[in-house]
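> Dropping in work-v7.cif, with mmCIF, C-alpha atoms.
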```
data_model
loop_
_atom_site.label_atom_id
_atom_site.label_comp_id
_atom_site.auth_asym_id
_atom_site.auth_seq_id
_atom_site.Cartn_x
_atom_site.Cartn_y
_atom_site.Cartn_z
CA MET A 789 32.02 -11.45 -11.84
CA LEU A 790 28.58 -10.16 -10.96
CA ASN A 791 29.54 -10.70 -7.37
CA ASP A 792 32.01 -7.87 -7.74
CA LEU A 793 29.17 -5.61 -8.78
CA TRP A 794 27.14 -6.44 -5.69
CA LEU A 795 30.13 -5.90 -3.43
CA TRP A 796 30.98 -2.65 -5.16
CA LEU A 797 27.44 -1.40 -4.55
CA GLU A 798 27.64 -2.34 -0.90
CA MET A 799 30.94 -0.49 -0.54
CA LEU A 800 29.49 2.77 -1.82
CA PRO A 801 29.47 5.43 0.88
CA ILE A 802 25.78 6.07 0.33
CA ALA A 803 25.02 2.40 0.89
CA GLY A 804 26.83 2.54 4.20
CA GLU A 805 25.02 5.71 5.16
CA ILE A 806 21.59 4.29 4.37
CA GLY A 807 22.26 0.98 6.03
CA ALA A 808 23.54 2.43 9.27
CA THR A 809 21.08 5.23 9.91
CA TRP A 810 17.41 6.15 10.00
CA TRP A 811 17.61 6.49 6.21
CA PHE A 812 16.87 2.81 5.85
CA PRO A 813 13.55 2.88 7.71
CA PHE A 814 12.70 6.09 5.88
CA MET A 815 13.39 4.50 2.48
CA GLU A 816 11.42 1.44 3.46
CA SER A 817 8.39 3.37 4.64
CA LEU A 818 8.41 5.47 1.45
CA HIS A 819 8.71 2.20 -0.46
CA VAL A 820 5.60 0.87 1.27
CA LEU A 821 3.66 4.11 0.75
CA SER A 822 4.52 4.33 -2.95
CA LEU A 823 3.70 0.71 -3.63
CA ALA A 824 0.40 1.07 -1.81
CA ILE A 825 -0.49 3.96 -4.11
CA MET A 826 0.78 2.09 -7.16
CA LEU A 827 -1.21 -1.04 -6.32
CA GLY A 828 -4.30 1.08 -5.65
CA ALA A 829 -4.17 2.60 -9.12
CA ILE A 830 -3.44 -0.75 -10.76
CA LEU A 831 -6.21 -2.42 -8.76
CA MET A 832 -8.78 0.10 -9.95
CA LEU A 833 -7.89 -0.33 -13.59
CA ASP A 834 -7.77 -4.13 -13.37
CA LEU A 835 -11.15 -4.31 -11.64
CA ARG A 836 -12.68 -2.07 -14.30
CA VAL A 837 -11.27 -4.23 -17.09
CA LEU A 838 -12.65 -7.31 -15.38
CA GLY A 839 -16.04 -5.64 -15.22
CA TRP A 840 -16.18 -5.74 -11.43
CA ALA A 841 -16.08 -2.04 -10.50
CA ALA A 842 -16.49 1.54 -11.74
CA LEU A 843 -18.43 0.34 -14.75
CA ARG A 844 -19.69 3.79 -15.61
CA TYR A 845 -16.26 4.92 -16.74
CA PRO A 846 -14.72 4.09 -20.09
CA ILE A 847 -11.63 1.96 -19.68
CA SER A 848 -9.51 4.38 -21.68
CA THR A 849 -10.46 7.23 -19.32
CA LEU A 850 -9.42 5.28 -16.24
CA ASN A 851 -6.31 4.15 -18.04
CA ARG A 852 -5.39 7.71 -18.91
CA GLU A 853 -6.01 9.01 -15.39
CA LEU A 854 -4.56 6.19 -13.32
CA VAL A 855 -1.48 5.07 -15.21
CA PRO A 856 0.51 8.27 -14.47
CA TRP A 857 -0.06 7.67 -10.76
CA SER A 858 0.98 4.04 -10.92
CA ALA A 859 4.00 4.95 -13.05
CA ALA A 860 5.15 7.74 -10.73
CA ALA A 861 4.61 5.55 -7.68
CA PHE A 862 6.49 2.72 -9.36
CA LEU A 863 9.40 5.09 -9.94
CA VAL A 864 9.51 6.05 -6.27
CA ALA A 865 9.23 2.38 -5.30
CA ASN A 866 12.20 1.58 -7.54
CA VAL A 867 14.40 4.35 -6.20
CA THR A 868 13.61 3.50 -2.59
CA GLY A 869 13.96 -0.20 -3.32
CA LEU A 870 17.36 0.35 -4.86
CA ALA A 871 18.39 2.42 -1.88
CA MET A 872 17.60 -0.53 0.38
CA PHE A 873 19.05 -3.11 -2.00
CA ILE A 874 22.51 -1.59 -2.14
CA THR A 875 22.95 -1.81 1.61
CA ARG A 876 23.21 -5.61 1.38
CA ALA A 877 23.28 -6.29 -2.33
CA SER A 878 25.34 -9.50 -2.29
CA HIS A 879 23.13 -10.91 0.44
CA HIS A 880 19.83 -10.01 -1.20
CA VAL A 881 20.68 -11.55 -4.57
CA GLU A 882 21.01 -14.91 -2.81
CA ASN A 883 17.71 -14.58 -1.00
CA PRO A 884 15.14 -16.79 -2.75
CA ALA A 885 12.31 -14.43 -1.79
CA PHE A 886 14.16 -11.58 -3.47
CA GLN A 887 14.83 -13.68 -6.56
CA ILE A 888 11.17 -14.64 -6.81
CA LYS A 889 10.16 -11.03 -6.32
CA MET A 890 12.40 -9.87 -9.17
CA LEU A 891 11.09 -12.63 -11.43
CA LEU A 892 7.46 -11.73 -10.68
CA LEU A 893 8.29 -8.06 -11.21
CA LEU A 894 9.70 -8.87 -14.62
CA LEU A 895 6.60 -10.89 -15.51
CA ALA A 896 4.38 -8.06 -14.27
CA GLY A 897 6.30 -5.69 -16.55
CA VAL A 898 5.84 -8.01 -19.52
CA ASN A 899 2.14 -8.20 -18.72
CA ILE A 900 1.86 -4.41 -18.56
CA ALA A 901 3.63 -4.08 -21.92
CA TYR A 902 1.33 -6.71 -23.42
CA PHE A 903 -1.73 -4.92 -22.08
CA HIS A 904 -0.73 -1.45 -23.18
CA PHE A 905 0.81 -2.19 -26.54
CA ARG A 906 -1.32 -5.08 -27.77
CA VAL A 907 -4.60 -5.30 -25.91
CA MET A 908 -5.30 -1.57 -25.64
CA ARG A 909 -4.88 -1.06 -29.38
CA THR A 910 -8.50 -2.03 -29.98
CA VAL A 911 -9.89 -0.31 -26.89
CA SER A 912 -12.18 2.04 -28.82
CA GLN A 913 -14.27 -0.99 -29.77
CA TRP A 914 -14.93 -2.10 -26.18
CA ASP A 915 -14.19 1.02 -24.17
CA SER A 916 -17.59 1.33 -22.57
CA ASN A 917 -18.38 -2.36 -22.36
CA THR A 918 -18.99 -3.69 -18.92
CA ARG A 919 -16.46 -6.39 -19.67
CA ALA A 920 -13.42 -6.11 -21.84
CA PRO A 921 -12.36 -8.88 -24.26
CA LEU A 922 -10.83 -12.06 -22.91
CA ALA A 923 -7.24 -11.02 -23.60
CA ALA A 924 -7.72 -7.85 -21.59
CA ARG A 925 -9.35 -9.71 -18.72
CA LEU A 926 -6.58 -12.30 -18.65
CA ALA A 927 -4.04 -9.50 -18.52
CA ALA A 928 -5.99 -7.91 -15.66
CA VAL A 929 -6.15 -11.13 -13.63
CA SER A 930 -2.46 -11.76 -14.28
CA SER A 931 -1.71 -8.25 -13.15
CA LEU A 932 -3.56 -8.74 -9.87
CA LEU A 933 -1.94 -12.09 -9.14
CA LEU A 934 1.55 -10.99 -10.14
CA TRP A 935 1.48 -7.78 -8.12
CA ILE A 936 0.11 -9.52 -5.03
CA GLY A 937 2.90 -12.03 -5.51
CA VAL A 938 5.48 -9.26 -5.76
CA THR A 939 4.14 -7.75 -2.54
CA LEU A 940 4.18 -11.05 -0.66
CA ALA A 941 7.66 -11.95 -1.92
CA GLY A 942 8.87 -8.48 -1.02
CA ARG A 943 7.55 -8.80 2.50
CA TRP A 944 9.12 -12.22 2.78
CA VAL A 945 12.58 -10.89 1.89
CA GLY A 946 12.98 -9.50 5.36
CA HIS A 947 11.88 -12.76 6.95
CA ILE A 948 14.67 -14.81 5.43
CA VAL A 949 17.92 -14.06 7.14
CA MET B 538 -1.85 0.61 29.25
CA GLU B 539 -0.04 -1.74 31.65
CA ILE B 540 -3.32 -3.37 32.61
CA LEU B 541 -4.31 -3.81 28.97
CA THR B 542 -0.91 -5.21 28.08
CA SER B 543 -0.88 -7.80 30.83
CA TRP B 544 -4.54 -8.67 30.30
CA ILE B 545 -3.85 -9.49 26.66
CA ALA B 546 -0.58 -11.25 27.46
CA ASN B 547 -2.36 -13.59 29.84
CA SER B 548 -5.39 -14.23 27.67
CA PRO B 549 -6.08 -17.24 25.42
CA ALA B 550 -6.03 -14.84 22.47
CA ASN B 551 -2.34 -14.39 23.16
CA ASP B 552 -1.75 -18.15 23.02
CA LEU B 553 -3.75 -18.41 19.80
CA ALA B 554 -1.86 -15.55 18.17
CA LEU B 555 1.52 -16.95 19.16
CA ALA B 556 0.49 -20.39 17.90
CA LEU B 557 -0.63 -18.91 14.59
CA LEU B 558 2.43 -16.76 14.01
CA GLY B 559 4.88 -19.32 15.28
CA ASN B 560 3.56 -22.49 13.73
CA VAL B 561 1.71 -21.72 10.53
CA PRO B 562 4.49 -21.38 7.96
CA GLY B 563 4.69 -17.96 6.39
CA SER B 564 1.91 -16.51 8.49
CA PRO B 565 3.80 -13.35 9.49
CA PRO B 566 4.58 -12.22 5.93
CA ILE B 567 1.17 -13.38 4.68
CA LEU B 568 -0.68 -11.47 7.39
CA GLN B 569 1.52 -8.44 6.73
CA THR B 570 0.70 -8.67 3.03
CA ILE B 571 -3.01 -8.78 3.85
CA HIS B 572 -2.41 -5.75 6.07
CA LEU B 573 -0.73 -4.02 3.15
CA LEU B 574 -3.57 -4.93 0.76
CA GLY B 575 -5.97 -3.39 3.27
CA ILE B 576 -3.85 -0.25 3.13
CA VAL B 577 -3.99 -0.41 -0.68
CA ALA B 578 -7.81 -0.42 -0.52
CA ILE B 579 -7.72 2.60 1.79
CA MET B 580 -5.30 4.40 -0.54
CA ALA B 581 -7.46 3.66 -3.56
CA SER B 582 -10.56 5.00 -1.82
CA ALA B 583 -10.04 7.50 1.00
CA LEU B 584 -6.80 8.90 -0.38
CA MET B 585 -8.11 8.99 -3.93
CA ILE B 586 -11.10 11.11 -2.88
CA ASP B 587 -8.76 13.49 -1.08
CA LEU B 588 -6.70 13.84 -4.26
CA ARG B 589 -9.85 14.38 -6.31
CA ILE B 590 -11.06 17.14 -3.95
CA LEU B 591 -7.66 18.79 -4.29
CA GLY B 592 -7.97 18.53 -8.05
CA LEU B 593 -4.86 16.40 -8.32
CA ALA B 594 -6.30 13.16 -9.68
CA VAL B 595 -9.12 11.60 -11.71
CA PRO B 596 -10.79 14.85 -12.79
CA THR B 597 -13.50 13.06 -14.77
CA GLN B 598 -14.91 11.42 -11.65
CA GLU B 599 -17.60 13.12 -9.59
CA ILE B 600 -16.89 13.33 -5.88
CA GLN B 601 -20.33 12.22 -4.76
CA GLU B 602 -20.29 9.23 -7.09
CA MET B 603 -16.77 8.33 -5.95
CA ALA B 604 -17.79 8.40 -2.31
CA GLN B 605 -20.80 6.19 -2.93
CA ARG B 606 -18.80 3.73 -4.99
CA LEU B 607 -15.70 3.64 -2.82
CA ARG B 608 -16.96 3.76 0.74
CA TYR B 609 -17.24 0.00 1.10
CA TRP B 610 -13.73 -0.41 -0.25
CA ALA B 611 -12.50 1.99 2.43
CA ILE B 612 -14.39 0.09 5.12
CA GLY B 613 -13.21 -3.23 3.74
CA GLY B 614 -9.64 -1.99 3.72
CA LEU B 615 -9.93 -0.92 7.34
CA VAL B 616 -11.44 -4.24 8.36
CA GLY B 617 -8.71 -6.10 6.49
CA ALA B 618 -5.95 -4.00 7.98
CA PHE B 619 -7.34 -4.30 11.48
CA SER B 620 -8.02 -8.02 11.38
CA SER B 621 -4.56 -8.79 10.01
CA GLY B 622 -2.67 -6.40 12.25
CA ILE B 623 -4.36 -7.44 15.46
CA TRP B 624 -2.63 -10.84 15.52
CA PHE B 625 0.73 -9.19 16.04
CA VAL B 626 -0.54 -7.06 18.87
CA LEU B 627 -2.23 -10.04 20.52
CA ALA B 628 0.95 -12.09 20.25
CA ARG B 629 3.27 -9.53 21.80
CA PRO B 630 1.26 -6.69 23.32
CA SER B 631 4.11 -5.08 25.27
CA ARG B 632 6.17 -4.76 22.11
CA TYR B 633 3.44 -2.55 20.68
CA PHE B 634 1.80 -0.77 23.59
CA ASN B 635 5.14 0.34 24.99
CA ASN B 636 6.38 1.48 21.60
CA PRO B 637 6.03 5.25 21.14
CA VAL B 638 5.82 4.88 17.36
CA PHE B 639 2.85 2.54 17.70
CA GLN B 640 1.21 5.15 19.89
CA ILE B 641 1.95 7.83 17.28
CA LYS B 642 0.42 5.66 14.57
CA PHE B 643 -2.84 5.36 16.47
CA ALA B 644 -2.75 9.01 17.49
CA LEU B 645 -2.77 9.75 13.74
CA LEU B 646 -5.21 6.99 12.84
CA VAL B 647 -8.07 8.32 14.96
CA PRO B 648 -8.17 11.79 13.32
CA ALA B 649 -7.53 10.16 9.92
CA LEU B 650 -10.61 8.00 10.38
CA LEU B 651 -12.64 10.98 11.55
CA CYS B 652 -11.51 13.09 8.59
CA SER B 653 -12.32 10.41 6.07
CA TYR B 654 -15.65 9.63 7.66
CA TRP B 655 -16.49 13.33 7.51
CA ILE B 656 -15.37 13.59 3.89
CA PHE B 657 -17.41 10.59 2.80
CA HIS B 658 -20.41 11.86 4.74
CA ILE B 659 -20.23 15.34 3.18
CA ALA B 660 -19.52 13.95 -0.28
CA ILE B 661 -22.68 11.88 -0.20
CA ARG B 662 -25.07 14.21 1.69
CA LYS B 663 -23.82 17.67 0.66
CA PRO B 664 -22.20 17.30 -2.73
CA ASP B 665 -21.94 21.05 -3.32
CA PHE B 666 -19.84 21.53 -0.18
CA TRP B 667 -16.67 21.34 -2.26
CA VAL B 668 -17.78 24.44 -4.16
CA THR B 669 -19.55 26.44 -1.43
CA HIS B 670 -16.83 25.88 1.16
CA PHE B 671 -13.84 25.84 -1.14
CA TRP B 672 -11.05 26.43 1.38
CA ARG B 673 -12.55 24.36 4.13
CA ALA B 674 -12.87 21.55 1.63
CA LYS B 675 -9.22 21.81 0.64
CA LEU B 676 -8.13 21.92 4.27
CA LEU B 677 -10.14 18.83 5.07
CA ALA B 678 -8.72 16.95 2.10
CA VAL B 679 -5.11 17.95 2.84
CA SER B 680 -5.50 17.00 6.48
CA SER B 681 -6.89 13.62 5.58
CA LEU B 682 -4.12 13.06 3.04
CA LEU B 683 -1.33 13.96 5.46
CA LEU B 684 -2.85 11.98 8.30
CA TRP B 685 -3.20 8.81 6.25
CA ILE B 686 0.33 9.15 4.89
CA GLY B 687 1.48 9.65 8.47
CA VAL B 688 -0.35 6.50 9.58
CA VAL B 689 1.29 4.40 6.85
CA LEU B 690 4.77 5.77 7.50
CA ALA B 691 4.42 5.43 11.27
CA GLY B 692 3.15 1.89 10.81
CA ARG B 693 6.33 0.83 9.05
CA TRP B 694 8.47 2.68 11.58
CA ILE B 695 7.06 0.67 14.47
CA ALA B 696 9.71 -1.94 13.87
CA TYR B 697 12.43 0.68 13.83
CA ALA B 698 11.61 2.46 17.05
CA GLU B 699 15.27 2.27 18.08
CA TYR B 700 16.24 4.67 15.30
CA LEU B 701 13.86 7.31 16.56
CA PHE B 702 14.05 6.76 20.27
CA TRP B 703 17.58 5.64 20.91
CA PRO B 704 18.28 4.42 23.50
CA ALA B 705 14.79 2.86 23.57
#
```
Step by step, read the file and then write its structure as structure tokens.

Amino acid sequence: MLNDLWLWLEMLPIAGEIGATWWFPFMESLHVLSLAIMLGAILMLDLRVLGWAALRYPISTLNRELVPWSAAAFLVANVTGLAMFITRASHHVENPAFQIKMLLLLLAGVNIAYFHFRVMRTVSQWDSNTRAPLAARLAAVSSLLLWIGVTLAGRWVGHIV
Amino acid sequence: MEILTSWIANSPANDLALALLGNVPGSPPILQTIHLLGIVAIMASALMIDLRILGLAVPTQEIQEMAQRLRYWAIGGLVGAFSSGIWFVLARPSRYFNNPVFQIKFALLVPALLCSYWIFHIAIRKPDFWVTHFWRAKLLAVSSLLLWIGVVLAGRWIAYAEYLFWPA
């Protein structure tokens, strides 16, 4: 049943247009640019939480200034990713690299939610500490590992034919 | 260009690169991911300072402090990007040197590097430049921003040269 969805997406005129023209490389290069910006913002925040960089800034300040960038970049990455996905939807869903990427993406999202809605609740108590509490640091390490995993899996998608 | 291409193609570095990319499982995507992480480090340093100068990001951070803190990340990113990317060029030099998009990428990379070097240098040595030379500062930052974005986009387009230059 889901298979019909993938095929329907592939049959969309826009999917055909993207897949057959320079739109695909354009979407992909925007995808890369936006994820590079997103990862940069996430990296900075995670390193601060871990107490490895930018220690002079309160965590909540960095959080406030960087999250909008990572969120906006994530949005662009999603739109461009979707644009690429629909060109060969039924094929991509069977690609193990793609499946792993989606799983890691989901876990990264859960981790972000955990960090922002649980861990950050007590931030005023450790905002200027060089190192945040263990839960925060675990979330930061998970974030780094998960996002690197997403990147690697994403790159691998194109290498499995 | 021809001389360089054939010199690389006949060198032991070429054999080593081909052996690495062909035999070590997953080495192409892993090296490309390292390349991308290098780009991430450049984005989070050079690009971030450009955005700060333009007043678009991280307003609470001081430009001079940013430059001092981030310059080694920028250098590290460049080293990472270079050392991961070079394997592909060593393995198949003609694929790259004869590709106009590859040439465009490096034509943008050189001024991007110069711009960023200049920005970091000014940020650290002449921190009031951003106030005393307001418009020049903005121009420098915008140029750097556009050049780096151009480098990243061109880099991904290398593999799609046929779309731009058809027939190749």
> Would you kindly return, as number ranges by chain, each protein, DNA or RNA residue with an atom no farther than 9 Å from any atom of Ile590 in chain B, considering only C-alpha atoms and excluding same-chain residues fewer than 3 positions away?
B: 585-587, 593-594, 600, 667, 674-675, 678
> Kindly indicate which residue among A:Leu922, A:Trp796, A:Arg852, A:Met872 lies nearest to Pro813 in chain A, using only C-alpha atoms for the distances.
A:Met872
> From the options B:Val689, B:Ile656, B:Val647, B:Leu558, which residue's atoms come nearest to chain A, counting all atoms listed in the file?
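That would be B:Val689, the residue with the smallest distance to chain A.
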> On this structure, the PyMOL selection byres ((chain B and resi 681) around 8) would catch which residues? List them as number ranges by chain, sorted by chain and number.
B: 584, 587, 649, 652-653, 677-680, 682-685
> As a list in words, could you give me every residue of chain A near chain B (at most 7 Å apart, counting only C-alpha atoms)?
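Here they are: Trp810, Pro813, Ser817, Leu821, Ala824, Ile825, Leu827, Gly828, Ala829, Glu853, Thr939, Leu940, Arg943 and Trp944 of chain A.
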> Would you pick out the contacts of Gly937 in chain A at 9 Å or less, using all atoms listed in the file, so that residues sharing its chain but fewer than 3 positions from it are not included, and give the list as a PDB file with C-alpha atoms, in the coordinates of the input?

```pdb
ATOM      1  CA  ILE A 888      11.170 -14.640  -6.810  1.00  0.00           C
ATOM      2  CA  LYS A 889      10.160 -11.030  -6.320  1.00  0.00           C
ATOM      3  CA  LEU A 892       7.460 -11.730 -10.680  1.00  0.00           C
ATOM      4  CA  LEU A 893       8.290  -8.060 -11.210  1.00  0.00           C
ATOM      5  CA  LEU A 932      -3.560  -8.740  -9.870  1.00  0.00           C
ATOM      6  CA  LEU A 933      -1.940 -12.090  -9.140  1.00  0.00           C
ATOM      7  CA  LEU A 934       1.550 -10.990 -10.140  1.00  0.00           C
ATOM      8  CA  LEU A 940       4.180 -11.050  -0.660  1.00  0.00           C
ATOM      9  CA  ALA A 941       7.660 -11.950  -1.920  1.00  0.00           C
ATOM     10  CA  GLY A 942       8.870  -8.480  -1.020  1.00  0.00           C
TER      11      GLY A 942
END
```
> Name the residues in contact with Ser930 in chain A at a cut-off of 12 Å, using all atoms listed in the file, excluding same-chain residues fewer than 4 positions from it; report them as a VMD selection string.
chain A and resid 830 to 831 834 to 835 837 to 838 892 to 893 895 to 900 902 to 903 923 to 926 934 to 938
> Assuming the chain letters and numbering stay as they are in my file, what does the PyMOL selection byres ((chain B and resi 545) around 12) actually select? List them as a list in words.
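Checking the PyMOL selection byres ((chain B and resi 545) around 12) against this file, the residues are Met538, Glu539, Ile540, Leu541, Thr542, Ser543, Trp544, Ala546, Asn547, Ser548, Pro549, Ala550, Asn551, Asp552, Leu553, Ala554, Leu555, Ile623, Trp624, Phe625, Val626, Leu627, Ala628, Arg629, Pro630, Ser631, Arg632, Tyr633 and Phe634 of chain B.
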> Check which residues satisfy the PyMOL selection byres ((chain A and resi 822) around 8) in the file shown, then give them as a list of chain:residue names.
A:Leu818, A:His819, A:Val820, A:Leu821, A:Leu823, A:Ala824, A:Ile825, A:Met826, A:Ala861, A:Phe862, A:Val864, A:Ala865
> Enter the distance from CA of Arg906 in chain A to CA of Asn866 in chain A, in Å, rounded to one decimal.
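Interatomic distance, CA of Arg906 in chain A to CA of Asn866 in chain A: 25.2 Å.
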> Measuring atom to atom with all atoms listed in the file, identify which of A:Ser858, A:Asn851, A:Ser878, A:Thr868 is nearest to Leu790 in chain A.
A:Ser878
> Using CA of Ala841 in chain A and CA of Thr918 in chain A as the two end points, give the distance in Å to one decimal.
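According to the coordinates, CA of Ala841 in chain A and CA of Thr918 in chain A are separated by 9.1 Å.
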> Measure the distance from CA of Gly869 in chain A to CA of Arg836 in chain A in Å and round it to one decimal.
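A separation of 28.9 Å between them.
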> Point out the residue among B:Thr669, B:Phe619, B:Glu599, B:Leu591 with the least atom-to-atom distance to Leu646 in chain B, counting all atoms listed in the file.
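That would be B:Phe619, the residue with the smallest distance to Leu646 in chain B.
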